[in-house]
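Engineer: See protein30.txt below, with compact mmCIF, C-alpha atoms and all ligand atoms.
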```txt
# COMPACT_ATOMS: atom_id res chain seq x y z
CA MET V 1 -30.74 55.03 -41.73
CA SER V 2 -30.22 56.54 -38.28
CA VAL V 3 -30.34 54.22 -35.28
CA ASP V 4 -32.68 55.12 -32.42
CA TYR V 5 -30.87 53.42 -29.55
CA ASP V 6 -31.85 53.73 -25.90
CA PRO V 7 -30.22 51.10 -23.63
CA PHE V 8 -33.28 51.26 -21.35
CA SER V 9 -35.91 50.81 -24.07
CA HIS V 10 -37.95 47.61 -24.13
CA GLU V 11 -36.55 46.67 -27.56
CA ALA V 12 -32.91 47.04 -26.47
CA MET V 13 -33.49 45.32 -23.13
CA LYS V 14 -35.11 42.39 -24.93
CA ASP V 15 -32.66 41.96 -27.81
CA PRO V 16 -29.89 44.55 -28.25
CA PHE V 17 -28.08 42.73 -31.06
CA PRO V 18 -29.90 44.35 -34.03
CA PHE V 19 -29.08 47.79 -32.52
CA TYR V 20 -25.47 46.74 -32.02
CA LYS V 21 -25.08 45.61 -35.62
CA ALA V 22 -26.59 48.86 -36.92
CA MET V 23 -24.37 51.01 -34.67
CA ARG V 24 -21.24 49.07 -35.69
CA ALA V 25 -22.17 49.74 -39.32
CA GLU V 26 -22.02 53.49 -38.58
CA GLY V 27 -18.26 52.97 -38.19
CA LYS V 28 -17.81 55.37 -35.28
CA PRO V 29 -19.14 55.98 -31.76
CA HIS V 30 -22.92 56.44 -31.74
CA TYR V 31 -24.32 59.59 -30.13
CA ILE V 32 -27.39 59.12 -27.90
CA ALA V 33 -28.99 62.55 -27.71
CA ARG V 34 -31.47 61.75 -24.91
CA TYR V 35 -28.58 61.07 -22.51
CA ASP V 36 -25.97 63.30 -24.19
CA ALA V 37 -23.86 60.12 -24.20
CA TRP V 38 -21.88 57.89 -26.55
CA ALA V 39 -22.37 54.19 -27.25
CA LEU V 40 -19.20 52.36 -28.27
CA ALA V 41 -20.38 49.38 -30.29
CA ARG V 42 -17.22 48.64 -32.31
CA PHE V 43 -14.45 46.44 -30.92
CA ASP V 44 -11.70 48.96 -31.70
CA ASP V 45 -13.56 51.83 -30.05
CA VAL V 46 -14.06 49.87 -26.80
CA TRP V 47 -10.49 48.55 -26.93
CA ASN V 48 -8.94 51.98 -27.52
CA ALA V 49 -11.14 53.77 -24.99
CA SER V 50 -10.20 51.10 -22.41
CA LEU V 51 -6.60 52.31 -22.74
CA MET V 52 -7.60 55.91 -22.11
CA GLN V 53 -8.40 55.26 -18.48
CA ASN V 54 -7.04 57.86 -16.11
CA ASP V 55 -6.33 60.58 -18.67
CA ASN V 56 -9.53 60.81 -20.72
CA ILE V 57 -11.94 58.53 -18.87
CA THR V 58 -12.97 58.31 -15.25
CA PHE V 59 -14.51 55.39 -13.36
CA THR V 60 -15.53 57.56 -10.43
CA SER V 61 -19.03 58.27 -11.66
CA GLY V 62 -19.99 54.61 -11.59
CA GLN V 63 -19.74 51.33 -13.44
CA THR V 64 -23.27 50.43 -14.53
CA PRO V 65 -25.42 52.29 -17.08
CA GLY V 66 -27.91 53.02 -14.28
CA GLN V 67 -25.23 54.70 -12.20
CA VAL V 68 -23.67 56.77 -14.97
CA LEU V 69 -26.75 57.63 -17.05
CA LEU V 70 -29.46 57.74 -14.40
CA GLY V 71 -27.55 58.76 -11.28
CA GLU V 72 -28.22 55.55 -9.31
CA MET V 73 -26.29 54.98 -6.08
CA ILE V 74 -22.61 54.06 -6.52
CA PRO V 75 -20.99 51.54 -4.14
CA ARG V 76 -17.57 53.12 -3.61
CA THR V 77 -14.74 50.60 -4.03
CA PHE V 78 -11.60 50.30 -6.16
CA MET V 79 -13.96 49.49 -9.06
CA THR V 80 -15.05 53.14 -9.09
CA MET V 81 -11.63 54.69 -8.55
CA ASP V 82 -8.99 55.99 -10.95
CA ALA V 83 -5.24 55.37 -10.72
CA PRO V 84 -3.21 55.44 -8.60
CA GLU V 85 -5.85 54.94 -5.87
CA HIS V 86 -7.49 52.14 -7.88
CA ARG V 87 -4.27 50.11 -8.01
CA HIS V 88 -3.57 50.52 -4.29
CA TRP V 89 -6.95 49.21 -3.18
CA ARG V 90 -7.26 46.52 -5.88
CA SER V 91 -3.80 45.15 -5.10
CA LEU V 92 -4.89 44.21 -1.56
CA ILE V 93 -6.63 41.10 -2.92
CA ARG V 94 -4.94 40.73 -6.30
CA GLU V 95 -2.83 37.75 -5.32
CA ALA V 96 -5.89 35.54 -4.79
CA TYR V 97 -6.83 36.11 -8.45
CA THR V 98 -3.54 35.41 -10.22
CA PRO V 99 -3.32 32.07 -12.06
CA GLU V 100 -1.23 30.75 -9.14
CA GLY V 101 -3.62 32.10 -6.50
CA VAL V 102 -6.61 30.57 -8.27
CA ALA V 103 -4.84 27.22 -8.74
CA LYS V 104 -4.51 26.97 -4.95
CA GLU V 105 -8.32 27.03 -4.71
CA ALA V 106 -8.98 24.43 -7.42
CA ALA V 107 -9.39 21.41 -5.12
CA ARG V 108 -11.67 23.28 -2.71
CA ILE V 109 -13.83 24.52 -5.58
CA ARG V 110 -14.09 21.03 -7.10
CA GLU V 111 -15.16 19.63 -3.73
CA LEU V 112 -17.81 22.36 -3.44
CA VAL V 113 -19.09 21.63 -6.96
CA ARG V 114 -19.36 17.89 -6.29
CA ARG V 115 -21.08 18.41 -2.95
CA TYR V 116 -23.82 20.52 -4.55
CA LEU V 117 -24.08 18.46 -7.74
CA SER V 118 -24.42 15.09 -6.04
CA PRO V 119 -28.03 15.50 -4.72
CA LEU V 120 -29.16 17.03 -8.03
CA LEU V 121 -28.19 14.01 -10.14
CA ALA V 122 -31.19 11.87 -9.15
CA LYS V 123 -33.59 14.63 -10.29
CA GLY V 124 -32.92 14.15 -14.01
CA LYS V 125 -33.90 17.78 -14.63
CA MET V 126 -32.78 21.21 -13.38
CA ASP V 127 -32.36 24.87 -14.18
CA VAL V 128 -28.58 24.96 -14.44
CA TYR V 129 -28.29 28.60 -13.36
CA SER V 130 -30.35 28.76 -10.16
CA GLU V 131 -30.14 25.19 -8.90
CA TYR V 132 -26.48 24.58 -9.59
CA ALA V 133 -23.99 27.03 -11.14
CA ASN V 134 -25.09 30.25 -9.42
CA ARG V 135 -25.05 28.47 -6.06
CA ILE V 136 -21.39 27.57 -6.50
CA THR V 137 -20.27 31.06 -7.53
CA THR V 138 -22.20 32.86 -4.80
CA ILE V 139 -21.02 30.44 -2.11
CA ASN V 140 -17.48 30.97 -3.34
CA GLY V 141 -17.93 34.74 -3.20
CA GLY V 142 -19.14 34.39 0.38
CA TYR V 143 -16.21 32.12 1.25
CA ASN V 144 -13.80 34.85 0.16
CA LEU V 145 -15.48 37.21 2.62
CA GLY V 146 -15.84 34.67 5.44
CA LEU V 147 -19.66 34.61 5.23
CA PRO V 148 -21.47 31.50 6.50
CA GLU V 149 -22.41 29.04 3.76
CA ALA V 150 -25.74 28.52 5.54
CA ASP V 151 -26.79 32.05 4.51
CA ALA V 152 -25.82 31.58 0.86
CA GLU V 153 -29.30 30.93 -0.49
CA LYS V 154 -30.45 34.21 1.03
CA TRP V 155 -27.78 36.37 -0.59
CA ARG V 156 -27.95 34.37 -3.84
CA ALA V 157 -31.63 35.27 -4.23
CA LEU V 158 -31.05 38.89 -3.18
CA ILE V 159 -28.37 39.40 -5.83
CA ASP V 160 -30.69 38.07 -8.56
CA ASP V 161 -33.53 40.24 -7.27
CA MET V 162 -31.23 43.25 -7.29
CA LEU V 163 -29.78 42.79 -10.79
CA TRP V 164 -32.41 41.01 -12.82
CA ARG V 165 -35.01 43.07 -14.65
CA ASP V 166 -38.61 42.01 -15.10
CA GLU V 167 -39.80 41.92 -18.70
CA GLY V 168 -41.28 45.32 -19.53
CA GLN V 169 -39.40 47.11 -16.73
CA GLN V 170 -37.73 50.25 -17.98
CA GLY V 171 -35.33 52.92 -16.82
CA GLY V 172 -32.90 51.09 -14.53
CA GLY V 173 -33.51 49.77 -11.02
CA SER V 174 -37.12 49.05 -9.93
CA ASP V 175 -38.48 49.13 -6.37
CA LYS V 176 -37.89 45.36 -6.23
CA ASN V 177 -34.27 45.77 -7.40
CA ASN V 178 -33.64 48.57 -4.88
CA ALA V 179 -35.30 46.74 -1.98
CA ALA V 180 -33.09 43.69 -2.59
CA ALA V 181 -29.98 45.90 -2.73
CA GLY V 182 -31.01 47.52 0.56
CA GLU V 183 -31.55 44.17 2.26
CA LEU V 184 -28.21 42.82 1.04
CA PHE V 185 -26.47 45.98 2.21
CA GLY V 186 -28.16 45.62 5.64
CA TYR V 187 -27.08 41.98 5.93
CA LEU V 188 -23.47 42.91 5.13
CA ALA V 189 -23.51 45.99 7.38
CA ALA V 190 -24.40 43.63 10.27
CA LYS V 191 -21.37 41.49 9.32
CA VAL V 192 -19.19 44.58 9.37
CA ALA V 193 -20.45 45.40 12.87
CA GLU V 194 -19.50 41.87 13.97
CA LEU V 195 -16.07 42.22 12.38
CA ARG V 196 -15.46 45.49 14.22
CA GLU V 197 -16.21 43.71 17.50
CA HIS V 198 -14.17 40.62 16.67
CA PRO V 199 -11.47 41.75 14.22
CA ASP V 200 -9.45 38.58 14.77
CA GLU V 201 -12.25 36.56 13.19
CA ALA V 202 -11.98 38.37 9.84
CA VAL V 203 -10.61 36.21 7.02
CA ARG V 204 -9.43 36.63 3.42
CA HIS V 205 -10.85 39.71 1.61
CA ALA V 206 -12.79 40.84 4.68
CA ALA V 207 -9.55 40.85 6.69
CA ALA V 208 -7.67 42.61 3.89
CA TYR V 209 -10.11 45.53 3.81
CA LEU V 210 -10.86 45.61 7.55
CA HIS V 211 -7.18 46.10 8.42
CA ALA V 212 -6.16 48.09 5.33
CA GLU V 213 -4.56 51.47 5.73
CA ILE V 214 -3.42 53.22 2.55
CA GLU V 215 -1.77 56.62 2.72
CA GLY V 216 -3.20 57.05 6.20
CA LYS V 217 -6.74 56.13 5.17
CA LYS V 218 -8.75 53.33 6.78
CA LEU V 219 -12.24 52.34 5.63
CA ASN V 220 -15.21 53.45 7.69
CA ASP V 221 -18.16 51.07 8.25
CA GLU V 222 -20.05 52.17 5.17
CA GLU V 223 -17.00 51.91 2.92
CA LEU V 224 -16.14 48.47 4.26
CA THR V 225 -19.72 47.33 3.68
CA PHE V 226 -19.49 48.57 0.09
CA TYR V 227 -16.40 46.40 -0.41
CA LEU V 228 -18.13 43.28 0.91
CA PHE V 229 -21.22 44.13 -1.15
CA SER V 230 -19.37 44.71 -4.43
CA LEU V 231 -17.06 41.74 -4.06
CA LEU V 232 -19.97 39.42 -3.30
CA VAL V 233 -21.98 40.64 -6.26
CA VAL V 234 -19.31 41.09 -8.93
CA GLY V 235 -18.27 37.45 -9.26
CA SER V 236 -21.64 35.83 -8.78
CA GLU V 237 -23.59 36.24 -12.03
CA THR V 238 -21.33 36.32 -15.07
CA THR V 239 -19.83 32.85 -14.60
CA PRO V 240 -23.09 30.90 -14.10
CA ILE V 241 -24.74 32.78 -16.99
CA THR V 242 -21.81 31.63 -19.13
CA VAL V 243 -22.12 28.05 -17.80
CA GLY V 244 -25.81 27.93 -18.72
CA GLY V 245 -25.07 29.54 -22.08
CA THR V 246 -22.39 26.94 -22.83
CA LEU V 247 -24.87 24.09 -22.31
CA TYR V 248 -27.47 25.95 -24.36
CA ASN V 249 -25.16 26.76 -27.27
CA LEU V 250 -23.68 23.27 -27.38
CA ALA V 251 -27.16 21.76 -27.46
CA LYS V 252 -28.04 24.02 -30.40
CA ASN V 253 -24.88 22.87 -32.20
CA PRO V 254 -25.04 19.07 -31.91
CA GLN V 255 -21.77 18.40 -33.72
CA GLN V 256 -19.87 20.58 -31.23
CA LYS V 257 -21.78 19.03 -28.34
CA ALA V 258 -20.76 15.53 -29.50
CA GLU V 259 -17.11 16.64 -29.72
CA VAL V 260 -17.20 18.02 -26.17
CA LEU V 261 -18.91 14.93 -24.75
CA ALA V 262 -16.18 12.81 -26.34
CA ASP V 263 -13.41 15.03 -24.95
CA LEU V 264 -14.26 17.17 -21.92
CA SER V 265 -10.94 19.01 -22.17
CA LEU V 266 -12.67 21.03 -24.93
CA LEU V 267 -14.98 22.58 -22.33
CA LYS V 268 -12.63 25.49 -21.69
CA ASN V 269 -12.82 26.50 -25.37
CA ALA V 270 -16.60 26.13 -25.31
CA PHE V 271 -16.89 28.24 -22.15
CA LEU V 272 -14.69 30.99 -23.63
CA GLU V 273 -16.60 30.97 -26.93
CA THR V 274 -19.80 31.42 -24.92
CA ALA V 275 -18.24 34.38 -23.09
CA ARG V 276 -17.64 35.90 -26.54
CA PHE V 277 -20.87 34.89 -28.30
CA ASP V 278 -23.15 35.64 -25.33
CA GLN V 279 -20.96 38.12 -23.41
CA PRO V 280 -22.64 38.23 -19.96
CA THR V 281 -21.44 41.77 -19.15
CA ASN V 282 -23.62 43.31 -21.81
CA MET V 283 -22.23 46.78 -21.08
CA LEU V 284 -20.50 48.95 -18.52
CA ALA V 285 -20.44 52.73 -18.39
CA ARG V 286 -17.74 55.36 -17.81
CA ARG V 287 -17.52 59.15 -18.12
CA ALA V 288 -15.23 61.51 -20.06
CA LYS V 289 -12.81 63.36 -17.80
CA GLN V 290 -11.89 65.91 -20.45
CA ASP V 291 -12.54 66.63 -24.13
CA PHE V 292 -10.89 64.09 -26.43
CA GLU V 293 -11.23 62.53 -29.85
CA LEU V 294 -12.20 58.91 -30.40
CA ASN V 295 -12.37 57.42 -33.89
CA GLY V 296 -13.32 60.69 -35.54
CA VAL V 297 -15.81 61.99 -33.01
CA GLN V 298 -15.27 64.70 -30.44
CA ILE V 299 -16.17 63.47 -26.95
CA LYS V 300 -16.80 66.27 -24.45
CA GLU V 301 -15.88 66.42 -20.78
CA GLU V 302 -18.61 64.90 -18.54
CA GLN V 303 -20.27 62.93 -21.34
CA PRO V 304 -21.03 59.30 -20.44
CA LEU V 305 -19.67 56.46 -22.57
CA LEU V 306 -21.25 53.01 -22.84
CA PHE V 307 -18.76 50.22 -23.40
CA LEU V 308 -20.90 47.68 -25.27
CA TYR V 309 -18.86 44.51 -24.65
CA ALA V 310 -21.54 42.18 -26.07
CA SER V 311 -21.46 44.17 -29.31
CA ALA V 312 -17.66 44.42 -29.50
CA GLU V 313 -17.37 40.65 -29.19
CA ARG V 314 -19.65 40.27 -32.25
CA ASP V 315 -17.70 42.77 -34.36
CA GLU V 316 -17.45 41.47 -37.93
CA SER V 317 -14.19 43.38 -38.50
CA VAL V 318 -12.51 41.27 -35.78
CA TYR V 319 -14.27 37.89 -35.88
CA ASP V 320 -15.20 35.80 -38.94
CA ASN V 321 -18.90 34.91 -38.85
CA PRO V 322 -19.31 36.55 -35.43
CA ASP V 323 -22.95 35.47 -35.08
CA VAL V 324 -21.97 31.81 -35.34
CA TYR V 325 -21.13 29.85 -32.20
CA ASP V 326 -17.90 27.98 -32.91
CA PHE V 327 -15.54 26.90 -30.15
CA HIS V 328 -12.86 25.96 -32.67
CA ARG V 329 -11.97 29.64 -33.02
CA GLN V 330 -8.37 30.27 -32.10
CA PRO V 331 -8.22 32.03 -28.73
CA THR V 332 -6.82 35.51 -29.15
CA GLU V 333 -5.11 37.88 -26.77
CA ARG V 334 -7.05 40.68 -28.41
CA SER V 335 -10.36 39.94 -26.73
CA LEU V 336 -12.80 42.02 -24.73
CA MET V 337 -14.49 39.10 -22.95
CA PHE V 338 -12.94 40.26 -19.71
CA GLY V 339 -12.42 43.90 -20.63
CA HIS V 340 -9.08 45.60 -21.22
CA GLY V 341 -6.69 48.06 -19.56
CA GLY V 342 -6.20 48.85 -15.89
CA HIS V 343 -9.69 47.76 -14.79
CA LYS V 344 -9.57 44.43 -16.65
CA CYS V 345 -11.61 41.75 -14.88
CA LEU V 346 -9.90 40.81 -11.64
CA GLY V 347 -11.69 37.44 -11.50
CA MET V 348 -11.07 36.15 -15.02
CA HIS V 349 -8.92 33.17 -14.02
CA LEU V 350 -11.28 32.29 -11.20
CA GLY V 351 -14.32 32.64 -13.48
CA VAL V 352 -12.81 30.25 -16.03
CA LEU V 353 -11.74 27.78 -13.35
CA MET V 354 -15.16 27.76 -11.68
CA GLY V 355 -17.07 27.64 -14.96
CA VAL V 356 -15.05 24.79 -16.41
CA THR V 357 -15.13 22.79 -13.17
CA ILE V 358 -18.92 23.19 -12.88
CA LEU V 359 -19.35 22.00 -16.49
CA GLU V 360 -16.79 19.20 -16.27
CA GLU V 361 -18.29 17.63 -13.17
CA LEU V 362 -21.81 17.92 -14.56
CA LEU V 363 -21.10 16.42 -17.96
CA SER V 364 -18.83 13.68 -16.65
CA ALA V 365 -21.66 12.70 -14.27
CA ILE V 366 -24.66 12.92 -16.63
CA GLY V 367 -23.15 12.38 -20.09
CA ASP V 368 -25.57 13.55 -22.76
CA TYR V 369 -28.43 15.95 -21.97
CA GLU V 370 -31.42 17.58 -23.63
CA LEU V 371 -32.59 21.20 -23.49
CA VAL V 372 -36.12 21.94 -22.34
CA GLU V 373 -36.40 24.89 -24.69
CA ASP V 374 -39.62 26.33 -23.39
CA GLU V 375 -38.01 26.46 -19.95
CA CYS V 376 -34.98 28.45 -21.12
CA GLU V 377 -34.99 32.24 -20.90
CA ARG V 378 -32.66 34.99 -21.97
CA LEU V 379 -32.01 37.80 -19.53
CA TYR V 380 -33.96 40.98 -20.04
CA GLY V 381 -32.18 44.22 -19.17
CA GLU V 382 -29.43 46.69 -19.89
CA HIS V 383 -26.55 45.40 -17.79
CA LEU V 384 -26.46 41.59 -17.96
CA SER V 385 -26.97 39.53 -21.09
CA GLY V 386 -27.18 35.87 -22.07
CA TRP V 387 -29.10 32.85 -20.75
CA GLY V 388 -30.45 33.36 -17.22
CA LYS V 389 -32.42 30.14 -17.21
CA VAL V 390 -31.30 26.96 -18.93
CA THR V 391 -33.33 23.86 -18.10
CA ILE V 392 -31.87 20.51 -19.08
CA THR V 393 -32.85 16.85 -18.61
CA TRP V 394 -30.70 13.72 -18.45
CA ASP V 395 -30.97 10.02 -17.65
CA ALA V 396 -31.07 10.04 -13.85
CA ASP V 397 -30.63 6.26 -13.61
CA LYS V 398 -27.20 6.42 -15.20
CA ALA V 399 -25.99 9.68 -13.59
CA ALA V 400 -23.23 9.46 -10.98
CA LEU V 401 -20.25 11.52 -9.88
CA LYS V 402 -17.06 10.24 -11.53
CA ASP V 403 -13.90 9.61 -9.53
C1 LIG V 501 -17.23 34.56 -17.29
C2 LIG V 501 -16.96 35.27 -16.19
C3 LIG V 501 -16.66 36.74 -16.17
C4 LIG V 501 -16.73 37.68 -17.18
C5 LIG V 501 -17.13 37.48 -18.63
C6 LIG V 501 -16.30 38.95 -16.60
C7 LIG V 501 -16.22 40.15 -17.29
C8 LIG V 501 -15.79 41.34 -16.77
C9 LIG V 501 -15.66 42.57 -17.51
C10 LIG V 501 -16.00 42.75 -18.99
C11 LIG V 501 -15.19 43.53 -16.66
C12 LIG V 501 -14.87 45.00 -17.01
C13 LIG V 501 -13.39 45.13 -17.23
C14 LIG V 501 -12.93 46.50 -17.69
O1 LIG V 501 -13.42 47.53 -17.19
O2 LIG V 501 -12.01 46.56 -18.53
C15 LIG V 501 -15.02 42.89 -15.37
C16 LIG V 501 -14.56 43.54 -14.25
C17 LIG V 501 -14.42 42.92 -13.02
N1 LIG V 501 -14.63 41.59 -12.72
FE1 LIG V 501 -15.25 40.15 -14.01
N2 LIG V 501 -16.00 38.75 -15.27
C18 LIG V 501 -16.21 37.42 -14.97
C19 LIG V 501 -16.02 36.80 -13.75
C20 LIG V 501 -15.59 37.43 -12.62
C21 LIG V 501 -15.40 36.79 -11.34
C22 LIG V 501 -15.63 35.30 -11.03
C23 LIG V 501 -14.98 37.74 -10.47
C24 LIG V 501 -14.65 37.45 -9.04
C25 LIG V 501 -14.10 38.23 -8.20
C26 LIG V 501 -14.90 39.00 -11.21
C27 LIG V 501 -14.48 40.22 -10.69
C28 LIG V 501 -14.37 41.40 -11.39
C29 LIG V 501 -13.94 42.65 -10.80
C30 LIG V 501 -13.56 42.88 -9.33
C31 LIG V 501 -13.98 43.60 -11.81
C32 LIG V 501 -13.64 45.09 -11.70
C33 LIG V 501 -12.14 45.28 -11.82
C34 LIG V 501 -11.67 46.70 -11.59
O3 LIG V 501 -12.48 47.63 -11.69
O4 LIG V 501 -10.48 46.85 -11.29
N3 LIG V 501 -15.28 38.77 -12.50
N4 LIG V 501 -15.38 41.56 -15.47
```
Spit out the file's structure as structure tokens when you get a sec.

Structural biologist:
Amino acid sequence: MSVDYDPFSHEAMKDPFPFYKAMRAEGKPHYIARYDAWALARFDDVWNASLMQNDNITFTSGQTPGQVLLGEMIPRTFMTMDAPEHRHWRSLIREAYTPEGVAKEAARIRELVRRYLSPLLAKGKMDVYSEYANRITTINGGYNLGLPEADAEKWRALIDDMLWRDEGQQGGGSDKNNAAAGELFGYLAAKVAELREHPDEAVRHAAAYLHAEIEGKKLNDEELTFYLFSLLVVGSETTPITVGGTLYNLAKNPQQKAEVLADLSLLKNAFLETARFDQPTNMLARRAKQDFELNGVQIKEEQPLLFLYASAERDESVYDNPDVYDFHRQPTERSLMFGHGGHKCLGMHLGVLMGVTILEELLSAIGDYELVEDECERLYGEHLSGWGKVTITWDADKAALKD
């Protein structure tokens, strides 16, 4: 039976997994006639295409399905460049994201987590994403750019308003999404103007890109604003979605939850299994640079390709019982949780460190917890996937930060 897949249809935005299973069963890339595009649902197809960057595939026509399929605005940064330019601009901040670079930030991040968790403990109930985990990741993103923590709630809400889709919304960004993007861009453009006046006050990534000159090129104001914009947004959502999803999936699997509560060192495995089972980067999009063959189909120059990460990580030819949440799975190098190839996630070590710290501090403070299921919601949309709202309760009388 042929699969009628449109990433922007209500059915796919609500629950893409039945489409993904059916497209994987086709055994090859799936052609989407209405966009003259290809959906890569199988692990091997995404994996192999990820290694064709620079010769067969270009990143320059955008990253998101909205950008590549619908022509939405593209923030120009290293994320939408091909080699060698991509490497030059990415390497300016790479060191902060190596395992060693991230380890240097561990104590600061733990302090941040505890500072924001402490006043929440007496409540006995919260939405883990918006009240806790997403605050930490957005504040940390702002820290890397030298933005004031006092403004964090503003940009946190703007990023959600920009990326989150309302149920029933179709066809990419809505007026609400675009207005939030415009306001965030305006806020960061004002920061860029301040940095131009006081360049000595620039820190970390903002300093790196403000002062950068590569092959005689310096960034103009708009380009610099795009860097601040993209770097603030890119690390803010995926980690807290995975944190919420970990608490959700553990609660739905009581035996695994009991094991984790007895030994919090298992949280890293649980977080990584959530990144597989409920891959938060549902999909990204690229474009063919020239004609080439992929797994028996002929891809033509200019055709878009959807890299369906959430599908690839449920591929039954790679994972046993892929639709079962099981953190005892052996971690494997051959994973697409964080992508693959030259554009592989820059923030993977940071994401894991933040996610595990957020979970560790929470569970060591509250112990056991319950889900409020009718106050949990999956994300609706084409780009992000997983649990956007996870409400839990705990015994507030016994909750306290642990030394
Ligand atoms: C659980 C957390 C996260 C997941 C699952 C995740 C996943 C991904 C995926 C699938 C990609 C595409 C890779 C590819 O094209 O091969 C990506 C790219 C990227 N991620 Fe993450 N990510 C996470 C956290 C973070 C964080 C915390 C940051 C913070 C800076 C970050 C920064 C980036 C950047 C900059 C890119 C683009 C890299 C490039 O184009 O060179 N990510 N991520």

Engineer: Rounded to one decimal, what separation in Å do you get between CA of Ala49 (chain V) and CA of Val68 (chain V)?

Structural biologist: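 These two atoms are separated by 16.3 Å.
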
Engineer: Hey, which bits of chain V sit within 8 Å of ligand LIG 501 (chain V), and for each residue what's the closest pair of atoms and how far apart in Å (one decimal), counting only C-alpha atoms and all ligand atoms, rows by chain and increasing number, as a Markdown table?

Structural biologist:
```
| residue | atom | partner | partner_atom | distance |
| --- | --- | --- | --- | --- |
| V:Ser50 | CA | V:LIG501 | O2 | 6.2 |
| V:Phe78 | CA | V:LIG501 | O3 | 6.2 |
| V:Met79 | CA | V:LIG501 | O3 | 3.5 |
| V:Thr80 | CA | V:LIG501 | O3 | 6.6 |
| V:Met81 | CA | V:LIG501 | O3 | 7.8 |
| V:His86 | CA | V:LIG501 | O4 | 7.0 |
| V:Arg87 | CA | V:LIG501 | O4 | 7.7 |
| V:Arg90 | CA | V:LIG501 | O4 | 6.3 |
| V:Tyr97 | CA | V:LIG501 | C25 | 7.6 |
| V:Thr137 | CA | V:LIG501 | C22 | 7.2 |
| V:Gly141 | CA | V:LIG501 | C25 | 7.2 |
| V:Ser230 | CA | V:LIG501 | C30 | 7.8 |
| V:Leu231 | CA | V:LIG501 | C25 | 6.2 |
| V:Leu232 | CA | V:LIG501 | C25 | 7.7 |
| V:Val234 | CA | V:LIG501 | C27 | 5.2 |
| V:Gly235 | CA | V:LIG501 | C23 | 3.5 |
| V:Ser236 | CA | V:LIG501 | C22 | 6.4 |
| V:Glu237 | CA | V:LIG501 | C19 | 7.8 |
| V:Thr238 | CA | V:LIG501 | C2 | 4.6 |
| V:Thr239 | CA | V:LIG501 | C2 | 4.1 |
| V:Pro240 | CA | V:LIG501 | C1 | 7.6 |
| V:Ile241 | CA | V:LIG501 | C1 | 7.7 |
| V:Thr242 | CA | V:LIG501 | C1 | 5.7 |
| V:Phe271 | CA | V:LIG501 | C1 | 8.0 |
| V:Leu272 | CA | V:LIG501 | C1 | 7.7 |
| V:Ala275 | CA | V:LIG501 | C5 | 5.5 |
| V:Gln279 | CA | V:LIG501 | C5 | 6.2 |
| V:Pro280 | CA | V:LIG501 | C5 | 5.7 |
| V:Thr281 | CA | V:LIG501 | C10 | 5.5 |
| V:Met283 | CA | V:LIG501 | C10 | 7.7 |
| V:Leu284 | CA | V:LIG501 | C12 | 7.0 |
| V:Tyr309 | CA | V:LIG501 | C10 | 6.6 |
| V:Leu336 | CA | V:LIG501 | C10 | 6.6 |
| V:Met337 | CA | V:LIG501 | C5 | 5.3 |
| V:Phe338 | CA | V:LIG501 | C10 | 4.0 |
| V:Gly339 | CA | V:LIG501 | O2 | 3.4 |
| V:His340 | CA | V:LIG501 | O2 | 4.1 |
| V:Gly341 | CA | V:LIG501 | O2 | 5.6 |
| V:Gly342 | CA | V:LIG501 | O4 | 6.6 |
| V:His343 | CA | V:LIG501 | O4 | 3.7 |
| V:Lys344 | CA | V:LIG501 | O2 | 3.7 |
| V:Cys345 | CA | V:LIG501 | C16 | 3.5 |
| V:Leu346 | CA | V:LIG501 | C28 | 4.5 |
| V:Gly347 | CA | V:LIG501 | C23 | 3.5 |
| V:Met348 | CA | V:LIG501 | C19 | 5.2 |
| V:His349 | CA | V:LIG501 | C22 | 7.6 |
| V:Leu350 | CA | V:LIG501 | C22 | 5.3 |
| V:Gly351 | CA | V:LIG501 | C22 | 3.8 |
| V:Val352 | CA | V:LIG501 | C1 | 6.3 |
| V:Met354 | CA | V:LIG501 | C22 | 7.6 |
| V:Gly355 | CA | V:LIG501 | C1 | 7.3 |
```

Engineer: Quote the spacing between CA of Ala262 (chain V) and CA of Glu100 (chain V) in Å to one decimal place.

Structural biologist: 29.0 Å

Engineer: What's the separation between CA of Ile57 (chain V) and CA of Gly27 (chain V), in Å to one decimal place?

Structural biologist: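 Distance reported for this atom pair: 21.1 Å.
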
Engineer: Of the residues V:Gln53, V:Ser2, V:Gln303, V:Thr274, which is the one nearest to Ala25 (chain V), using only C-alpha atoms?

Structural biologist: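 Among V:Gln53, V:Ser2, V:Gln303, V:Thr274, it is V:Ser2 that comes nearest to Ala25 (chain V).
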
Engineer: Applying 7 Å and only C-alpha atoms, which residues near region 38-40 of chain V remain after dropping the ones on its own chain fewer than 3 positions away? List them as a PyMOL selection string.

Structural biologist: chain V and resi 29-32+45-46+304-308

Engineer: Write out as AutoDock Vina command-line options an axis-aligned box for region 346-365 of chain V: all of its atoms listed in the file, 6 Å added on each side, centre and edge lengths in Å with one decimal.

Structural biologist:
```
--center_x -15.4 --center_y 26.8 --center_z -14.6 --size_x 24.9 --size_y 40.1 --size_z 18.8
```

Engineer: Identify the residues within 10 Å of coordinate (-5.4, 45.6, 1.2) (same frame as the file), considering only C-alpha atoms, and give the answer as a PyMOL selection string.

Structural biologist: chain V and resi 88-94+205-214

Engineer: Using only C-alpha atoms, determine which residues lie at most 8 Å from Asn177 (chain V), disregarding the query and same-chain residues fewer than 2 positions distant; provide the list as a ChimeraX atom specification.

Structural biologist: /V:161-165,173-175,179-181
